[in-house]
Amino acid sequence: MKNSDFFIHETDYPDFNGDRAVEHLREMLRFETTSYVDTSRVRYEEFDRMQNFLRETYPHVFSAGETERIGHSLMIRIPGTDPTLRPALFMAHQDVVPVVPETEDNWTHGPFSGDLAEGMIWGRGAMDIKEMLTGILESAEYLLTSGKSFRRTLYLFFSEDEETCSTGVTAAADLLKKRGVELEFVLDEGSGDIMDAADYGAPGICACTVGMYEKGYVDMKLSVHAQGGHSSNPFHGTSLGILSQAIAAILSHLPEAHMSDSVWETLQKLRPMMTDPVMMDLVDRKDEAGLLHWFLGRESLYHLVQTTAAPTMIKGGSAAGNVMPQDMEAVINFRLTPFDTPQSLLEHCKALVDERVELSLVQQIGASRPSDTGLYGYRMLIPVLEHYFDRLVFIPVQNRGATDARHFECVCRCVLRFGPFLEEETIAREGIHGTNERISIRAYLQGIRVLTGMMVKTCIEAADGDDGGSL
Ligand SMILES: [Zn+2]
């Protein structure tokens, strides 16, 4: 089954000019807005040229909105008529990842060609995430051109360096916080994976993921200092032995697994469709231990309930079989559930290892705060998705990767990661951060309908959303 088989209501907004929207995305893909950690390599003039193009292409958005440049990031505020409603924020990033050197020739159509072929629009950024950037502007421009007025204030935000250091979004979030702005919801890229729900006990049901939070990230360094020496007298152990034991101890005593509220909500949502009697029984009895056992035994599920550990680097070791090694180091990469913090993880690991092993955090980001499915943004998004995608069951889960959206958690309780551009999985997997990035016209236009529907529902019809409590 293809993803496009789920598409319905593709004739909504018949006066929307899809051909022009396609041309606009093709143009956008021709700007080489590549991100590098070494910012001296970034061609900021390409960002400037692209933003000039946006101003020319979306005149209603730029005249209705107040535009602010934060570095090379762009924030547009389109004021609503009802100041009592908290604003909504739709976002995407302008930057793209580099094309891997020497792979340019592997692209069927050049990475910055914006070619249109085989019903697809080709180029770096077609799926990550210029289609969403362009789509958000297409939707807002379309609604403003149709003479619609916004009841709820709408913020659009397009950051400059999501793929590297997220300075743009950090500055924007700080700015909103300083101004006392509280957002009703944020919609950013992410999730949208379609899968058979067999692992959830509902085989034959097609589930589609909506990202509610992101796991934390920790690189922990383990160091052992030793003199080395002749291997005939290893009375105190060797640095390699001590290090190995420490790694083994950590791997076999990971922090406790937990069922988060998001996981419970996923199960509740799928419960009416479950046919596996074991899973049905576990859910009905709210058997947390049984469910954890079920999740931990499945590749697609265990990381939802468990902080994971992957030893990735090792340094040191001896050059000869009869010489004990001197100083050694290893790195374990952890992905944290919201139940663990970098600090609690460090304490947990310290208690497990020999005192001769030194532990330190070389990189650390805590898990983001899970957004609640009871909140307005989520409650509005799901019916819009169900309107455009037939037979898909949308489930709230942890987002696959990291996004810029987490930085807005200081001004928003409902941070949703869902790019509504549901391209076929094989095409998305090959193209995103890879070769031959491209998007079909159908997936692109259907995504724009979702964004338009979401803007209509939340900013024009704008049912009051102030039931989410405050920050
Ligand atoms: Zn992205």
# chains A, B, ... in the order shown; residues from 1 in each chain; ligands from 1
call {"tool": "residues_near_ligand", "arguments": {"ligand": "ligand 1", "cutoff": "7 Å", "atoms": "only C-alpha atoms and all ligand atoms", "output": "ChimeraX atom specification"}}
result
/A:93,128-129,162-163,189,403
call {"tool": "select_by_dssp", "arguments": {"residues": "stretch 151-221 of chain A", "states": "helix (DSSP H, G or I)", "output": "list in words"}}
result
Thr167, Gly168, Val169, Thr170, Ala171, Ala172, Ala173, Asp174, Leu175, Leu176, Lys177, Lys178, Ala198, Asp199 and Tyr200 of chain A
call {"tool": "write_last_selection", "arguments": {"atoms": "N, CA and C atoms", "output": "PDB file, in the first residue's frame"}}
result
ATOM      1  N   THR A 167      21.029  28.230  16.816  1.00  0.00           N
ATOM      2  CA  THR A 167      21.136  29.546  17.453  1.00  0.00           C
ATOM      3  C   THR A 167      19.918  30.409  17.110  1.00  0.00           C
ATOM      4  N   GLY A 168      19.389  30.248  15.879  1.00  0.00           N
ATOM      5  CA  GLY A 168      18.260  31.068  15.444  1.00  0.00           C
ATOM      6  C   GLY A 168      17.047  30.865  16.323  1.00  0.00           C
ATOM      7  N   VAL A 169      16.695  29.621  16.559  1.00  0.00           N
ATOM      8  CA  VAL A 169      15.491  29.343  17.345  1.00  0.00           C
ATOM      9  C   VAL A 169      15.710  29.702  18.808  1.00  0.00           C
ATOM     10  N   THR A 170      16.912  29.517  19.305  1.00  0.00           N
ATOM     11  CA  THR A 170      17.187  29.867  20.699  1.00  0.00           C
ATOM     12  C   THR A 170      16.947  31.359  20.901  1.00  0.00           C
ATOM     13  N   ALA A 171      17.453  32.178  19.975  1.00  0.00           N
ATOM     14  CA  ALA A 171      17.277  33.629  20.088  1.00  0.00           C
ATOM     15  C   ALA A 171      15.800  34.002  19.972  1.00  0.00           C
ATOM     16  N   ALA A 172      15.089  33.345  19.062  1.00  0.00           N
ATOM     17  CA  ALA A 172      13.667  33.673  18.864  1.00  0.00           C
ATOM     18  C   ALA A 172      12.847  33.318  20.103  1.00  0.00           C
ATOM     19  N   ALA A 173      13.124  32.156  20.677  1.00  0.00           N
ATOM     20  CA  ALA A 173      12.378  31.734  21.868  1.00  0.00           C
ATOM     21  C   ALA A 173      12.670  32.683  23.033  1.00  0.00           C
ATOM     22  N   ASP A 174      13.931  33.083  23.188  1.00  0.00           N
ATOM     23  CA  ASP A 174      14.298  34.035  24.246  1.00  0.00           C
ATOM     24  C   ASP A 174      13.544  35.347  24.087  1.00  0.00           C
ATOM     25  N   LEU A 175      13.456  35.776  22.829  1.00  0.00           N
ATOM     26  CA  LEU A 175      12.789  37.032  22.527  1.00  0.00           C
ATOM     27  C   LEU A 175      11.310  36.968  22.925  1.00  0.00           C
ATOM     28  N   LEU A 176      10.631  35.895  22.550  1.00  0.00           N
ATOM     29  CA  LEU A 176       9.210  35.761  22.882  1.00  0.00           C
ATOM     30  C   LEU A 176       9.030  35.711  24.399  1.00  0.00           C
ATOM     31  N   LYS A 177       9.919  35.001  25.049  1.00  0.00           N
ATOM     32  CA  LYS A 177       9.824  34.874  26.506  1.00  0.00           C
ATOM     33  C   LYS A 177       9.994  36.245  27.163  1.00  0.00           C
ATOM     34  N   LYS A 178      10.992  36.985  26.680  1.00  0.00           N
ATOM     35  CA  LYS A 178      11.248  38.315  27.229  1.00  0.00           C
ATOM     36  C   LYS A 178      10.035  39.220  27.032  1.00  0.00           C
ATOM     37  N   ALA A 198       0.914  -3.807  14.434  1.00  0.00           N
ATOM     38  CA  ALA A 198       0.987  -5.176  14.969  1.00  0.00           C
ATOM     39  C   ALA A 198       1.704  -5.223  16.312  1.00  0.00           C
ATOM     40  N   ASP A 199       2.806  -4.473  16.452  1.00  0.00           N
ATOM     41  CA  ASP A 199       3.550  -4.510  17.711  1.00  0.00           C
ATOM     42  C   ASP A 199       2.730  -3.960  18.870  1.00  0.00           C
ATOM     43  N   TYR A 200       1.708  -3.178  18.549  1.00  0.00           N
ATOM     44  CA  TYR A 200       0.810  -2.669  19.590  1.00  0.00           C
ATOM     45  C   TYR A 200      -0.403  -3.596  19.773  1.00  0.00           C
TER      46      TYR A 200
END
call {"tool": "residues_around", "arguments": {"residues": "stretch 447-461 of chain A", "least_positions_apart": "3", "cutoff": "7 Å", "atoms": "only C-alpha atoms", "output": "ChimeraX atom specification"}}
result
/A:135-136,139,149-154,381,384-385,388,420-421,443-444
call {"tool": "write_last_selection", "arguments": {"atoms": "N, CA and C atoms", "output": "PDB file, in the first residue's frame"}}
result
ATOM      1  N   GLY A 135       5.145  25.605   2.121  1.00  0.00           N
ATOM      2  CA  GLY A 135       3.739  25.247   2.348  1.00  0.00           C
ATOM      3  C   GLY A 135       3.062  26.161   3.360  1.00  0.00           C
ATOM      4  N   ILE A 136       3.767  26.481   4.441  1.00  0.00           N
ATOM      5  CA  ILE A 136       3.199  27.372   5.465  1.00  0.00           C
ATOM      6  C   ILE A 136       2.887  28.735   4.838  1.00  0.00           C
ATOM      7  N   SER A 139      -0.087  28.573   2.423  1.00  0.00           N
ATOM      8  CA  SER A 139      -1.369  28.527   3.143  1.00  0.00           C
ATOM      9  C   SER A 139      -1.756  29.912   3.656  1.00  0.00           C
ATOM     10  N   SER A 149      -9.873  37.038   7.592  1.00  0.00           N
ATOM     11  CA  SER A 149      -9.119  37.736   8.631  1.00  0.00           C
ATOM     12  C   SER A 149      -8.852  36.754   9.770  1.00  0.00           C
ATOM     13  N   PHE A 150      -7.727  36.942  10.401  1.00  0.00           N
ATOM     14  CA  PHE A 150      -7.294  36.014  11.449  1.00  0.00           C
ATOM     15  C   PHE A 150      -7.801  36.492  12.796  1.00  0.00           C
ATOM     16  N   ARG A 151      -8.484  35.618  13.505  1.00  0.00           N
ATOM     17  CA  ARG A 151      -8.931  35.953  14.860  1.00  0.00           C
ATOM     18  C   ARG A 151      -7.767  35.772  15.835  1.00  0.00           C
ATOM     19  N   ARG A 152      -7.052  34.657  15.635  1.00  0.00           N
ATOM     20  CA  ARG A 152      -5.906  34.374  16.503  1.00  0.00           C
ATOM     21  C   ARG A 152      -4.633  34.881  15.819  1.00  0.00           C
ATOM     22  N   THR A 153      -3.753  35.487  16.584  1.00  0.00           N
ATOM     23  CA  THR A 153      -2.463  35.919  16.040  1.00  0.00           C
ATOM     24  C   THR A 153      -1.671  34.707  15.595  1.00  0.00           C
ATOM     25  N   LEU A 154      -1.065  34.847  14.417  1.00  0.00           N
ATOM     26  CA  LEU A 154      -0.297  33.740  13.848  1.00  0.00           C
ATOM     27  C   LEU A 154       1.159  34.162  13.721  1.00  0.00           C
ATOM     28  N   LEU A 381      -5.413  19.449  15.698  1.00  0.00           N
ATOM     29  CA  LEU A 381      -4.636  18.839  14.618  1.00  0.00           C
ATOM     30  C   LEU A 381      -5.222  17.495  14.173  1.00  0.00           C
ATOM     31  N   VAL A 384      -8.083  17.479  11.658  1.00  0.00           N
ATOM     32  CA  VAL A 384      -7.618  17.956  10.348  1.00  0.00           C
ATOM     33  C   VAL A 384      -6.900  16.812   9.631  1.00  0.00           C
ATOM     34  N   LEU A 385      -6.050  16.115  10.362  1.00  0.00           N
ATOM     35  CA  LEU A 385      -5.328  14.989   9.748  1.00  0.00           C
ATOM     36  C   LEU A 385      -6.307  13.905   9.304  1.00  0.00           C
ATOM     37  N   TYR A 388      -7.901  14.547   6.006  1.00  0.00           N
ATOM     38  CA  TYR A 388      -7.090  14.422   4.783  1.00  0.00           C
ATOM     39  C   TYR A 388      -6.449  13.049   4.581  1.00  0.00           C
ATOM     40  N   PRO A 420       3.219  17.391   7.672  1.00  0.00           N
ATOM     41  CA  PRO A 420       2.108  16.665   7.035  1.00  0.00           C
ATOM     42  C   PRO A 420       2.395  16.212   5.605  1.00  0.00           C
ATOM     43  N   PHE A 421       3.654  16.160   5.234  1.00  0.00           N
ATOM     44  CA  PHE A 421       4.022  15.784   3.859  1.00  0.00           C
ATOM     45  C   PHE A 421       4.403  14.302   3.855  1.00  0.00           C
ATOM     46  N   ALA A 443       2.036  14.599  -2.594  1.00  0.00           N
ATOM     47  CA  ALA A 443       2.315  14.687  -1.144  1.00  0.00           C
ATOM     48  C   ALA A 443       2.499  16.146  -0.726  1.00  0.00           C
ATOM     49  N   TYR A 444       3.120  16.905  -1.604  1.00  0.00           N
ATOM     50  CA  TYR A 444       3.359  18.320  -1.321  1.00  0.00           C
ATOM     51  C   TYR A 444       2.034  19.078  -1.199  1.00  0.00           C
TER      52      TYR A 444
END
call {"tool": "residues_around", "arguments": {"residues": "A:Leu133", "least_positions_apart": "6", "cutoff": "8 Å", "atoms": "only C-alpha atoms", "output": "number ranges by chain"}}
result
A: 91-94, 158
call {"tool": "write_last_selection", "arguments": {"atoms": "C-alpha atoms", "output": "compact mmCIF listing (two decimals), in the first residue's frame"}}
result
# COMPACT_ATOMS: atom_id res chain seq x y z
CA MET A 91 7.62 26.80 11.84
CA ALA A 92 10.22 25.22 9.57
CA HIS A 93 13.90 25.80 8.89
CA GLN A 94 15.57 27.50 5.95
CA PHE A 158 11.90 30.03 9.88
call {"tool": "residues_around", "arguments": {"residues": "stretch 427-440 of chain A", "least_positions_apart": "6", "cutoff": "9 Å", "atoms": "only C-alpha atoms", "output": "MDAnalysis selection string"}}
result
chainID A and resid 96:100 103:104 106:111 118:128 131 421
call {"tool": "select_by_dssp", "arguments": {"residues": "stretch 25-140 of chain A", "states": "strand (DSSP E or B)", "output": "list in words"}}
result
Thr34, Glu66, Thr67, Glu68, Arg69, Ile70, Ser73, Leu74, Met75, Ile76, Arg77, Ile78, Ala88, Leu89, Phe90, Met91, Ala92, His93, Val96, Leu116, Ala117, Met120, Ile121 and Trp122 of chain A
call {"tool": "residues_around", "arguments": {"residues": "A:Arg20", "least_positions_apart": "2", "cutoff": "12 Å", "atoms": "only C-alpha atoms", "output": "count of residues only"}}
result
18
call {"tool": "residues_around", "arguments": {"residues": "A:Glu288", "least_positions_apart": "5", "cutoff": "10 Å", "atoms": "only C-alpha atoms", "output": "list of chain:residue names"}}
result
A:His258, A:Met259, A:Trp264, A:Leu282, A:Val283, A:His293, A:Trp294
call {"tool": "write_last_selection", "arguments": {"atoms": "C-alpha atoms", "output": "PDB file, in the first residue's frame"}}
result
ATOM      1  CA  HIS A 258       8.743   3.575  32.587  1.00  0.00           C
ATOM      2  CA  MET A 259       5.411   3.834  30.832  1.00  0.00           C
ATOM      3  CA  TRP A 264      -0.534   5.130  27.736  1.00  0.00           C
ATOM      4  CA  LEU A 282      -2.486  -6.065  29.657  1.00  0.00           C
ATOM      5  CA  VAL A 283      -4.029  -2.737  28.676  1.00  0.00           C
ATOM      6  CA  HIS A 293       7.990  -6.526  29.435  1.00  0.00           C
ATOM      7  CA  TRP A 294       6.077  -6.459  26.129  1.00  0.00           C
TER       8      TRP A 294
END
call {"tool": "closest_residue", "arguments": {"among": "A:Asp404, A:Asp327, A:Glu265, A:Asp284", "to": "A:Ala226", "atoms": "only C-alpha atoms"}}
result
A:Asp327
call {"tool": "atom_distance", "arguments": {"atom1": "atom CA of A:Glu214", "atom2": "atom CA of A:Gln363"}}
result
16.1 Å
call {"tool": "closest_residue", "arguments": {"among": "A:Ser159, A:Gly114, A:Pro396, A:Asp340", "to": "A:His72", "atoms": "only C-alpha atoms"}}
result
A:Ser159
